[in-house]
$ cat work16.tsv   # TSV, N, CA and C atoms
chain	number	residue	atom	x	y	z
A	213	MET	N	2.75	4.50	8.73
A	213	MET	CA	3.93	3.67	8.63
A	213	MET	C	4.76	3.73	9.92
A	214	LYS	N	4.81	4.92	10.52
A	214	LYS	CA	5.56	5.06	11.77
A	214	LYS	C	4.95	4.23	12.88
A	215	LYS	N	3.62	4.17	12.89
A	215	LYS	CA	2.94	3.37	13.91
A	215	LYS	C	3.26	1.89	13.78
A	216	VAL	N	3.31	1.39	12.56
A	216	VAL	CA	3.61	-0.03	12.33
A	216	VAL	C	5.03	-0.34	12.80
A	217	VAL	N	5.98	0.51	12.47
A	217	VAL	CA	7.37	0.30	12.89
A	217	VAL	C	7.46	0.36	14.41
A	218	PHE	N	6.78	1.31	15.02
A	218	PHE	CA	6.80	1.42	16.47
A	218	PHE	C	6.20	0.18	17.13
A	219	ILE	N	5.11	-0.31	16.62
A	219	ILE	CA	4.46	-1.50	17.18
A	219	ILE	C	5.37	-2.71	17.04
A	220	LEU	N	6.00	-2.88	15.89
A	220	LEU	CA	6.92	-4.00	15.69
A	220	LEU	C	8.11	-3.92	16.64
A	221	LEU	N	8.66	-2.74	16.83
A	221	LEU	CA	9.76	-2.57	17.78
A	221	LEU	C	9.32	-2.88	19.21
A	222	PHE	N	8.13	-2.44	19.56
A	222	PHE	CA	7.60	-2.70	20.90
A	222	PHE	C	7.44	-4.20	21.15
A	223	PHE	N	6.84	-4.92	20.20
A	223	PHE	CA	6.67	-6.37	20.36
A	223	PHE	C	8.01	-7.09	20.37
A	224	GLY	N	8.94	-6.65	19.57
A	224	GLY	CA	10.27	-7.24	19.58
A	224	GLY	C	10.97	-7.05	20.92
A	225	PHE	N	10.82	-5.85	21.49
A	225	PHE	CA	11.39	-5.57	22.80
A	225	PHE	C	10.75	-6.44	23.87
A	226	CYS	N	9.43	-6.55	23.86
A	226	CYS	CA	8.73	-7.39	24.84
A	226	CYS	C	9.13	-8.85	24.71
A	227	PHE	N	9.28	-9.33	23.50
A	227	PHE	CA	9.69	-10.71	23.28
A	227	PHE	C	11.10	-10.95	23.81
A	228	THR	N	11.99	-10.01	23.61
A	228	THR	CA	13.36	-10.14	24.09
A	228	THR	C	13.40	-10.20	25.61
A	229	ILE	N	12.63	-9.36	26.27
A	229	ILE	CA	12.59	-9.36	27.73
A	229	ILE	C	12.03	-10.68	28.23
A	230	ASN	N	10.98	-11.19	27.63
A	230	ASN	CA	10.37	-12.44	28.04
A	230	ASN	C	11.32	-13.61	27.82
A	231	ALA	N	12.04	-13.62	26.73
A	231	ALA	CA	12.94	-14.72	26.43
A	231	ALA	C	14.11	-14.78	27.40
A	232	GLN	N	14.54	-13.65	27.93
A	232	GLN	CA	15.66	-13.63	28.85
A	232	GLN	C	15.28	-14.10	30.24
A	233	SER	N	14.00	-14.12	30.58
A	233	SER	CA	13.60	-14.48	31.93
A	233	SER	C	13.46	-15.98	32.13
A	234	GLU	N	13.57	-16.76	31.07
A	234	GLU	CA	13.45	-18.21	31.20
A	234	GLU	C	14.83	-18.83	31.37
A	235	PRO	N	15.03	-19.62	32.44
A	235	PRO	CA	16.35	-20.21	32.65
A	235	PRO	C	16.60	-21.39	31.72
A	236	LYS	N	17.87	-21.59	31.39
A	236	LYS	CA	18.28	-22.72	30.58
A	236	LYS	C	19.43	-23.42	31.27
A	237	VAL	N	19.56	-24.70	31.05
A	237	VAL	CA	20.68	-25.46	31.61
A	237	VAL	C	21.97	-24.89	31.03
A	238	GLY	N	22.91	-24.61	31.91
A	238	GLY	CA	24.19	-24.05	31.49
A	238	GLY	C	24.31	-22.55	31.71
A	239	ASP	N	23.21	-21.86	32.04
A	239	ASP	CA	23.28	-20.42	32.32
A	239	ASP	C	24.10	-20.18	33.59
A	240	GLU	N	24.86	-19.10	33.59
A	240	GLU	CA	25.66	-18.75	34.75
A	240	GLU	C	24.96	-17.68	35.58
A	241	LEU	N	24.99	-17.85	36.89
A	241	LEU	CA	24.42	-16.91	37.83
A	241	LEU	C	25.44	-16.61	38.92
A	242	VAL	N	25.26	-15.50	39.62
A	242	VAL	CA	26.13	-15.12	40.71
A	242	VAL	C	25.31	-15.07	41.99
A	243	ILE	N	25.82	-15.66	43.06
A	243	ILE	CA	25.13	-15.62	44.35
A	243	ILE	C	25.55	-14.35	45.06
A	244	ASN	N	24.58	-13.54	45.44
A	244	ASN	CA	24.84	-12.27	46.12
A	244	ASN	C	24.65	-12.43	47.62
A	245	ALA	N	25.05	-11.41	48.36
A	245	ALA	CA	24.85	-11.40	49.81
A	245	ALA	C	23.35	-11.29	50.11
A	246	GLN	N	22.91	-12.03	51.12
A	246	GLN	CA	21.50	-11.99	51.48
A	246	GLN	C	21.20	-10.71	52.25
A	247	LYS	N	19.94	-10.30	52.21
A	247	LYS	CA	19.53	-9.08	52.88
A	247	LYS	C	19.18	-9.32	54.35
A	248	GLY	N	18.77	-10.51	54.68
A	248	GLY	CA	18.38	-10.82	56.05
A	248	GLY	C	19.35	-11.78	56.71
A	249	GLN	N	18.82	-12.55	57.64
A	249	GLN	CA	19.62	-13.51	58.39
A	249	GLN	C	20.04	-14.70	57.54
A	250	SER	N	19.17	-15.13	56.63
A	250	SER	CA	19.46	-16.30	55.81
A	250	SER	C	18.88	-16.12	54.42
A	251	TYR	N	19.19	-17.06	53.56
A	251	TYR	CA	18.63	-17.03	52.20
A	251	TYR	C	17.21	-17.60	52.25
A	252	ASN	N	16.28	-16.91	51.60
A	252	ASN	CA	14.89	-17.35	51.62
A	252	ASN	C	14.54	-18.23	50.42
A	253	TYR	N	15.16	-17.99	49.27
A	253	TYR	CA	14.75	-18.67	48.05
A	253	TYR	C	15.82	-19.61	47.49
A	254	ILE	N	17.02	-19.59	48.06
A	254	ILE	CA	18.05	-20.57	47.74
A	254	ILE	C	18.15	-21.49	48.95
A	255	LYS	N	18.02	-22.78	48.74
A	255	LYS	CA	17.92	-23.73	49.85
A	255	LYS	C	19.30	-24.22	50.30
A	256	PHE	N	20.03	-23.31	50.97
A	256	PHE	CA	21.30	-23.70	51.59
A	256	PHE	C	21.01	-24.38	52.91
A	257	PRO	N	21.96	-25.17	53.43
A	257	PRO	CA	21.76	-25.77	54.76
A	257	PRO	C	21.62	-24.68	55.82
A	258	LYS	N	20.86	-24.97	56.85
A	258	LYS	CA	20.68	-24.01	57.93
A	258	LYS	C	21.99	-23.86	58.70
A	259	LEU	N	22.13	-22.72	59.36
A	259	LEU	CA	23.38	-22.42	60.06
A	259	LEU	C	23.67	-23.41	61.19
A	260	ASN	N	22.62	-23.87	61.88
A	260	ASN	CA	22.87	-24.84	62.96
A	260	ASN	C	23.36	-26.18	62.40
A	261	THR	N	22.93	-26.55	61.20
A	261	THR	CA	23.41	-27.77	60.57
A	261	THR	C	24.89	-27.64	60.22
A	262	LEU	N	25.27	-26.47	59.71
A	262	LEU	CA	26.68	-26.23	59.40
A	262	LEU	C	27.52	-26.29	60.66
A	263	ASN	N	27.03	-25.71	61.74
A	263	ASN	CA	27.75	-25.71	63.00
A	263	ASN	C	27.92	-27.13	63.55
A	264	LYS	N	26.89	-27.95	63.46
A	264	LYS	CA	26.96	-29.33	63.96
A	264	LYS	C	27.96	-30.17	63.18
A	265	ARG	N	28.14	-29.83	61.91
A	265	ARG	CA	29.06	-30.60	61.06
A	265	ARG	C	30.48	-30.02	61.07
A	266	GLY	N	30.73	-29.09	61.97
A	266	GLY	CA	32.08	-28.56	62.13
A	266	GLY	C	32.46	-27.48	61.14
A	267	LYS	N	31.52	-26.89	60.48
A	267	LYS	CA	31.79	-25.81	59.52
A	267	LYS	C	31.54	-24.46	60.20
A	268	ILE	N	32.10	-23.42	59.63
A	268	ILE	CA	31.85	-22.08	60.14
A	268	ILE	C	30.41	-21.70	59.79
A	269	ALA	N	29.66	-21.26	60.78
A	269	ALA	CA	28.23	-21.02	60.61
A	269	ALA	C	27.96	-19.62	60.08
A	270	ASN	N	28.29	-19.39	58.80
A	270	ASN	CA	27.88	-18.16	58.12
A	270	ASN	C	27.83	-18.44	56.62
A	271	TYR	N	27.18	-17.54	55.91
A	271	TYR	CA	27.00	-17.71	54.48
A	271	TYR	C	27.98	-16.88	53.66
A	272	LYS	N	28.96	-16.26	54.29
A	272	LYS	CA	29.90	-15.39	53.57
A	272	LYS	C	30.73	-16.16	52.55
A	273	SER	N	30.91	-17.45	52.75
A	273	SER	CA	31.75	-18.22	51.84
A	273	SER	C	31.12	-18.39	50.45
A	274	VAL	N	29.82	-18.16	50.32
A	274	VAL	CA	29.17	-18.31	49.02
A	274	VAL	C	28.90	-16.97	48.33
A	275	HIS	N	29.16	-15.86	48.99
A	275	HIS	CA	28.94	-14.54	48.38
A	275	HIS	C	29.86	-14.38	47.18
A	276	GLY	N	29.29	-14.08	46.05
A	276	GLY	CA	30.07	-13.87	44.84
A	276	GLY	C	30.40	-15.13	44.07
A	277	ASP	N	29.96	-16.29	44.54
A	277	ASP	CA	30.23	-17.54	43.82
A	277	ASP	C	29.47	-17.57	42.49
A	278	ILE	N	30.13	-18.06	41.48
A	278	ILE	CA	29.49	-18.25	40.18
A	278	ILE	C	28.96	-19.67	40.13
A	279	VAL	N	27.67	-19.79	39.83
A	279	VAL	CA	27.02	-21.10	39.77
A	279	VAL	C	26.43	-21.31	38.38
A	280	ILE	N	26.24	-22.57	38.05
A	280	ILE	CA	25.69	-22.96	36.76
A	280	ILE	C	24.38	-23.69	37.00
A	281	ILE	N	23.39	-23.42	36.16
A	281	ILE	CA	22.12	-24.14	36.26
A	281	ILE	C	22.32	-25.55	35.73
A	282	ASP	N	22.08	-26.53	36.59
A	282	ASP	CA	22.28	-27.94	36.25
A	282	ASP	C	20.98	-28.58	35.78
A	283	GLU	N	19.85	-28.08	36.31
A	283	GLU	CA	18.55	-28.66	35.97
A	283	GLU	C	17.48	-27.60	36.17
A	284	VAL	N	16.45	-27.63	35.34
A	284	VAL	CA	15.31	-26.71	35.44
A	284	VAL	C	14.06	-27.53	35.66
A	285	MET	N	13.28	-27.19	36.69
A	285	MET	CA	12.06	-27.91	37.00
A	285	MET	C	10.91	-26.92	37.16
A	286	THR	N	9.72	-27.31	36.74
A	286	THR	CA	8.52	-26.51	36.93
A	286	THR	C	7.49	-27.37	37.66
A	287	ASP	N	6.94	-26.85	38.76
A	287	ASP	CA	5.95	-27.63	39.50
A	287	ASP	C	4.55	-27.36	38.97
A	288	LYS	N	3.55	-27.94	39.61
A	288	LYS	CA	2.18	-27.83	39.13
A	288	LYS	C	1.61	-26.42	39.23
A	289	ASN	N	2.24	-25.55	40.04
A	289	ASN	CA	1.81	-24.15	40.16
A	289	ASN	C	2.56	-23.23	39.21
A	290	ASN	N	3.28	-23.81	38.23
A	290	ASN	CA	4.09	-23.07	37.27
A	290	ASN	C	5.19	-22.24	37.92
A	291	THR	N	5.71	-22.71	39.06
A	291	THR	CA	6.86	-22.09	39.70
A	291	THR	C	8.11	-22.79	39.18
A	292	THR	N	9.08	-22.02	38.73
A	292	THR	CA	10.29	-22.58	38.16
A	292	THR	C	11.37	-22.68	39.23
A	293	TYR	N	11.88	-23.88	39.41
A	293	TYR	CA	12.99	-24.14	40.32
A	293	TYR	C	14.19	-24.56	39.51
A	294	VAL	N	15.38	-24.18	39.98
A	294	VAL	CA	16.60	-24.59	39.31
A	294	VAL	C	17.50	-25.29	40.31
A	295	VAL	N	18.27	-26.24	39.82
A	295	VAL	CA	19.29	-26.90	40.62
A	295	VAL	C	20.62	-26.27	40.21
A	296	LEU	N	21.33	-25.76	41.20
A	296	LEU	CA	22.56	-25.02	40.95
A	296	LEU	C	23.77	-25.82	41.41
A	297	LYS	N	24.87	-25.73	40.65
A	297	LYS	CA	26.14	-26.30	41.10
A	297	LYS	C	27.21	-25.25	40.85
A	298	LYS	N	28.29	-25.32	41.62
A	298	LYS	CA	29.36	-24.34	41.47
A	298	LYS	C	30.10	-24.54	40.16
A	299	LYS	N	30.53	-23.44	39.58
A	299	LYS	CA	31.24	-23.50	38.31
A	299	LYS	C	32.59	-24.20	38.46
A	300	ASP	N	33.24	-24.02	39.61
A	300	ASP	CA	34.55	-24.64	39.81
A	300	ASP	C	34.46	-26.11	40.24
A	301	GLY	N	33.26	-26.61	40.44
A	301	GLY	CA	33.07	-28.02	40.77
A	301	GLY	C	33.17	-28.36	42.24
A	302	SER	N	33.49	-27.39	43.09
A	302	SER	CA	33.58	-27.67	44.52
A	302	SER	C	32.18	-27.75	45.13
A	303	LYS	N	32.13	-28.16	46.39
A	303	LYS	CA	30.84	-28.30	47.08
A	303	LYS	C	30.52	-27.04	47.87
A	304	PHE	N	29.22	-26.80	48.07
A	304	PHE	CA	28.78	-25.70	48.92
A	304	PHE	C	29.05	-26.07	50.36
A	305	PHE	N	29.85	-25.28	51.07
A	305	PHE	CA	30.20	-25.48	52.47
A	305	PHE	C	30.90	-26.82	52.70
A	306	GLY	N	31.39	-27.45	51.66
A	306	GLY	CA	32.03	-28.75	51.80
A	306	GLY	C	31.04	-29.88	52.03
A	307	LEU	N	29.75	-29.62	51.83
A	307	LEU	CA	28.71	-30.62	52.12
A	307	LEU	C	27.92	-31.02	50.88
A	308	ASN	N	27.30	-30.07	50.23
A	308	ASN	CA	26.38	-30.35	49.13
A	308	ASN	C	27.00	-29.94	47.80
A	309	SER	N	26.85	-30.80	46.80
A	309	SER	CA	27.37	-30.43	45.48
A	309	SER	C	26.36	-29.60	44.70
A	310	THR	N	25.07	-29.70	45.05
A	310	THR	CA	24.04	-28.90	44.39
A	310	THR	C	23.08	-28.32	45.42
A	311	VAL	N	22.43	-27.23	45.04
A	311	VAL	CA	21.35	-26.64	45.85
A	311	VAL	C	20.20	-26.29	44.93
A	312	LYS	N	19.02	-26.22	45.50
A	312	LYS	CA	17.81	-25.90	44.75
A	312	LYS	C	17.41	-24.46	45.05
A	313	ALA	N	16.87	-23.75	44.05
A	313	ALA	CA	16.46	-22.37	44.24
A	313	ALA	C	15.21	-22.06	43.44
A	314	ASN	N	14.36	-21.20	43.99
A	314	ASN	CA	13.22	-20.66	43.27
A	314	ASN	C	13.77	-19.57	42.37
A	315	TYR	N	13.77	-19.81	41.07
A	315	TYR	CA	14.48	-18.95	40.12
A	315	TYR	C	13.97	-17.52	40.13
A	316	ALA	N	12.70	-17.32	39.91
A	316	ALA	CA	12.14	-15.97	39.78
A	316	ALA	C	12.26	-15.17	41.08
A	317	LYS	N	11.92	-15.78	42.20
A	317	LYS	CA	11.95	-15.05	43.47
A	317	LYS	C	13.37	-14.76	43.94
A	318	ALA	N	14.30	-15.66	43.66
A	318	ALA	CA	15.69	-15.41	44.05
A	318	ALA	C	16.27	-14.26	43.25
A	319	LEU	N	15.95	-14.19	41.96
A	319	LEU	CA	16.41	-13.07	41.14
A	319	LEU	C	15.76	-11.76	41.59
A	320	GLU	N	14.46	-11.82	41.86
A	320	GLU	CA	13.71	-10.63	42.24
A	320	GLU	C	14.19	-10.08	43.58
A	321	SER	N	14.51	-10.96	44.52
A	321	SER	CA	14.94	-10.52	45.85
A	321	SER	C	16.40	-10.11	45.88
A	322	GLY	N	17.16	-10.45	44.86
A	322	GLY	CA	18.56	-10.08	44.81
A	322	GLY	C	19.49	-11.11	45.43
A	323	GLU	N	18.98	-12.28	45.78
A	323	GLU	CA	19.84	-13.33	46.32
A	323	GLU	C	20.80	-13.86	45.27
A	324	MET	N	20.38	-13.83	44.02
A	324	MET	CA	21.30	-14.18	42.93
A	324	MET	C	21.00	-13.27	41.75
A	325	SER	N	21.97	-13.15	40.88
A	325	SER	CA	21.82	-12.30	39.70
A	325	SER	C	22.42	-13.01	38.50
A	326	LYS	N	22.04	-12.55	37.33
A	326	LYS	CA	22.57	-13.15	36.11
A	326	LYS	C	24.01	-12.71	35.94
A	327	GLY	N	24.85	-13.68	35.60
A	327	GLY	CA	26.28	-13.40	35.46
A	327	GLY	C	26.59	-13.06	34.11
$ encode --input "work16.tsv" --output "structure tokens"
Amino acid sequence: MKKVVFILLFFGFCFTINAQSEPKVGDELVINAQKGQSYNYIKFPKLNTLNKRGKIANYKSVHGDIVIIDEVMTDKNNTTYVVLKKKDGSKFFGLNSTVKANYAKALESGEMSKG
């Protein structure tokens, strides 16, 4: 009897972990500081593009921003991409209202986290 209860708890735990890894429209995420020179899995404009448009060429303005998943897309390789928009409705760097991100890799690398 103990084995059956243990197995059921184990499967329930695995199911809960799997269910939390799938993004849904409306989920809130937080953009964290990047580890390198730029973001690899969140498609922000390049720094030279920001500089040409008269903006300050750094990504510090998005650190800690709360974003909402606006759209979830899966490509033919089963890679999940999300379209993100700011919770407060403002634009990223005053240019783009939405950005695209590779959901799993951005979470794994620490570029964004669940809020």
$ residues_around --input "work16.tsv" --residues "Lys326 in chain A" --least-positions-apart "4" --cutoff "7 Å" --atoms "only N, CA and C atoms" --output "number ranges by chain"
A: 240-242, 319
$ closest_residue --input "work16.tsv" --among "A:Pro257, A:Lys272, A:Asn244, A:Pro235" --to "Thr292 in chain A" --atoms "all atoms listed in the file"
A:Pro235
$ atom_distance --input "work16.tsv" --atom1 "CA of Asp300 in chain A" --atom2 "CA of Lys264 in chain A"
25.7 Å
$ closest_residue --input "work16.tsv" --among "A:Leu307, A:Leu296, A:Ile254, A:Ile268" --to "Ile281 in chain A" --atoms "only N, CA and C atoms"
A:Leu296
$ atom_distance --input "work16.tsv" --atom1 "atom N of Glu283 in chain A" --atom2 "CA of Val311 in chain A"
9.8 Å
$ atom_distance --input "work16.tsv" --atom1 "atom N of Asn270 in chain A" --atom2 "atom C of Glu320 in chain A"
22.7 Å
$ closest_residue --input "work16.tsv" --among "A:Met324, A:Thr310, A:Phe304, A:Lys214" --to "Ser273 in chain A" --atoms "all atoms listed in the file"
A:Phe304
$ axis_aligned_box --input "work16.tsv" --around "range 263-267 of chain A" --padding-each-side "4 Å" --output "JSON"
{"center_x": 29.7, "center_y": -27.5, "center_z": 61.7, "size_x": 13.6, "size_y": 14.1, "size_z": 12.4}
$ residues_around --input "work16.tsv" --residues "range 289-291 of chain A" --least-positions-apart "3" --cutoff "7 Å" --atoms "only N, CA and C atoms" --output "NGL selection string"
:A and (285-286 or 314-315)
$ write_last_selection --input "work16.tsv" --atoms "N, CA and C atoms" --output "CSV table (one decimal), keeping the file's coordinate frame"
chain,number,residue,atom,x,y,z
A,285,MET,N,13.3,-27.2,36.7
A,285,MET,CA,12.1,-27.9,37.0
A,285,MET,C,10.9,-26.9,37.2
A,286,THR,N,9.7,-27.3,36.7
A,286,THR,CA,8.5,-26.5,36.9
A,286,THR,C,7.5,-27.4,37.7
A,314,ASN,N,14.4,-21.2,44.0
A,314,ASN,CA,13.2,-20.7,43.3
A,314,ASN,C,13.8,-19.6,42.4
A,315,TYR,N,13.8,-19.8,41.1
A,315,TYR,CA,14.5,-19.0,40.1
A,315,TYR,C,14.0,-17.5,40.1
$ closest_residue --input "work16.tsv" --among "A:Ala313, A:Val279, A:Val237, A:Ala269" --to "Gln249 in chain A" --atoms "only C-alpha atoms"
A:Ala269
$ select_by_dssp --input "work16.tsv" --residues "chain A" --states "alpha helix (DSSP H)" --output "ChimeraX atom specification"
/A:214-232,259-264,315-321
$ write_last_selection --input "work16.tsv" --atoms "N, CA and C atoms" --output "compact mmCIF listing (two decimals), in the frame of the given file"
# COMPACT_ATOMS: atom_id res chain seq x y z
N LYS A 214 4.81 4.92 10.52
CA LYS A 214 5.56 5.06 11.77
C LYS A 214 4.95 4.23 12.88
N LYS A 215 3.62 4.17 12.89
CA LYS A 215 2.94 3.37 13.91
C LYS A 215 3.26 1.89 13.78
N VAL A 216 3.31 1.39 12.56
CA VAL A 216 3.61 -0.03 12.33
C VAL A 216 5.03 -0.34 12.80
N VAL A 217 5.98 0.51 12.47
CA VAL A 217 7.37 0.30 12.89
C VAL A 217 7.46 0.36 14.41
N PHE A 218 6.78 1.31 15.02
CA PHE A 218 6.80 1.42 16.47
C PHE A 218 6.20 0.18 17.13
N ILE A 219 5.11 -0.31 16.62
CA ILE A 219 4.46 -1.50 17.18
C ILE A 219 5.37 -2.71 17.04
N LEU A 220 6.00 -2.88 15.89
CA LEU A 220 6.92 -4.00 15.69
C LEU A 220 8.11 -3.92 16.64
N LEU A 221 8.66 -2.74 16.83
CA LEU A 221 9.76 -2.57 17.78
C LEU A 221 9.32 -2.88 19.21
N PHE A 222 8.13 -2.44 19.56
CA PHE A 222 7.60 -2.70 20.90
C PHE A 222 7.44 -4.20 21.15
N PHE A 223 6.84 -4.92 20.20
CA PHE A 223 6.67 -6.37 20.36
C PHE A 223 8.01 -7.09 20.37
N GLY A 224 8.94 -6.65 19.57
CA GLY A 224 10.27 -7.24 19.58
C GLY A 224 10.97 -7.05 20.92
N PHE A 225 10.82 -5.85 21.49
CA PHE A 225 11.39 -5.57 22.80
C PHE A 225 10.75 -6.44 23.87
N CYS A 226 9.43 -6.55 23.86
CA CYS A 226 8.73 -7.39 24.84
C CYS A 226 9.13 -8.85 24.71
N PHE A 227 9.28 -9.33 23.50
CA PHE A 227 9.69 -10.71 23.28
C PHE A 227 11.10 -10.95 23.81
N THR A 228 11.99 -10.01 23.61
CA THR A 228 13.36 -10.14 24.09
C THR A 228 13.40 -10.20 25.61
N ILE A 229 12.63 -9.36 26.27
CA ILE A 229 12.59 -9.36 27.73
C ILE A 229 12.03 -10.68 28.23
N ASN A 230 10.98 -11.19 27.63
CA ASN A 230 10.37 -12.44 28.04
C ASN A 230 11.32 -13.61 27.82
N ALA A 231 12.04 -13.62 26.73
CA ALA A 231 12.94 -14.72 26.43
C ALA A 231 14.11 -14.78 27.40
N GLN A 232 14.54 -13.65 27.93
CA GLN A 232 15.66 -13.63 28.85
C GLN A 232 15.28 -14.10 30.24
N LEU A 259 22.13 -22.72 59.36
CA LEU A 259 23.38 -22.42 60.06
C LEU A 259 23.67 -23.41 61.19
N ASN A 260 22.62 -23.87 61.88
CA ASN A 260 22.87 -24.84 62.96
C ASN A 260 23.36 -26.18 62.40
N THR A 261 22.93 -26.55 61.20
CA THR A 261 23.41 -27.77 60.57
C THR A 261 24.89 -27.64 60.22
N LEU A 262 25.27 -26.47 59.71
CA LEU A 262 26.68 -26.23 59.40
C LEU A 262 27.52 -26.29 60.66
N ASN A 263 27.03 -25.71 61.74
CA ASN A 263 27.75 -25.71 63.00
C ASN A 263 27.92 -27.13 63.55
N LYS A 264 26.89 -27.95 63.46
CA LYS A 264 26.96 -29.33 63.96
C LYS A 264 27.96 -30.17 63.18
N TYR A 315 13.77 -19.81 41.07
CA TYR A 315 14.48 -18.95 40.12
C TYR A 315 13.97 -17.52 40.13
N ALA A 316 12.70 -17.32 39.91
CA ALA A 316 12.14 -15.97 39.78
C ALA A 316 12.26 -15.17 41.08
N LYS A 317 11.92 -15.78 42.20
CA LYS A 317 11.95 -15.05 43.47
C LYS A 317 13.37 -14.76 43.94
N ALA A 318 14.30 -15.66 43.66
CA ALA A 318 15.69 -15.41 44.05
C ALA A 318 16.27 -14.26 43.25
N LEU A 319 15.95 -14.19 41.96
CA LEU A 319 16.41 -13.07 41.14
C LEU A 319 15.76 -11.76 41.59
N GLU A 320 14.46 -11.82 41.86
CA GLU A 320 13.71 -10.63 42.24
C GLU A 320 14.19 -10.08 43.58
N SER A 321 14.51 -10.96 44.52
CA SER A 321 14.94 -10.52 45.85
C SER A 321 16.40 -10.11 45.88
$ select_by_dssp --input "work16.tsv" --residues "chain A" --states "strand (DSSP E or B)" --output "VMD selection string"
chain A and resid 240 to 243 254 278 to 286 292 to 298 304 308 310 to 314 324 to 326
$ closest_residue --input "work16.tsv" --among "A:Asp287, A:Gly276, A:Tyr271, A:Val294" --to "Ala318 in chain A" --atoms "only C-alpha atoms"
A:Val294
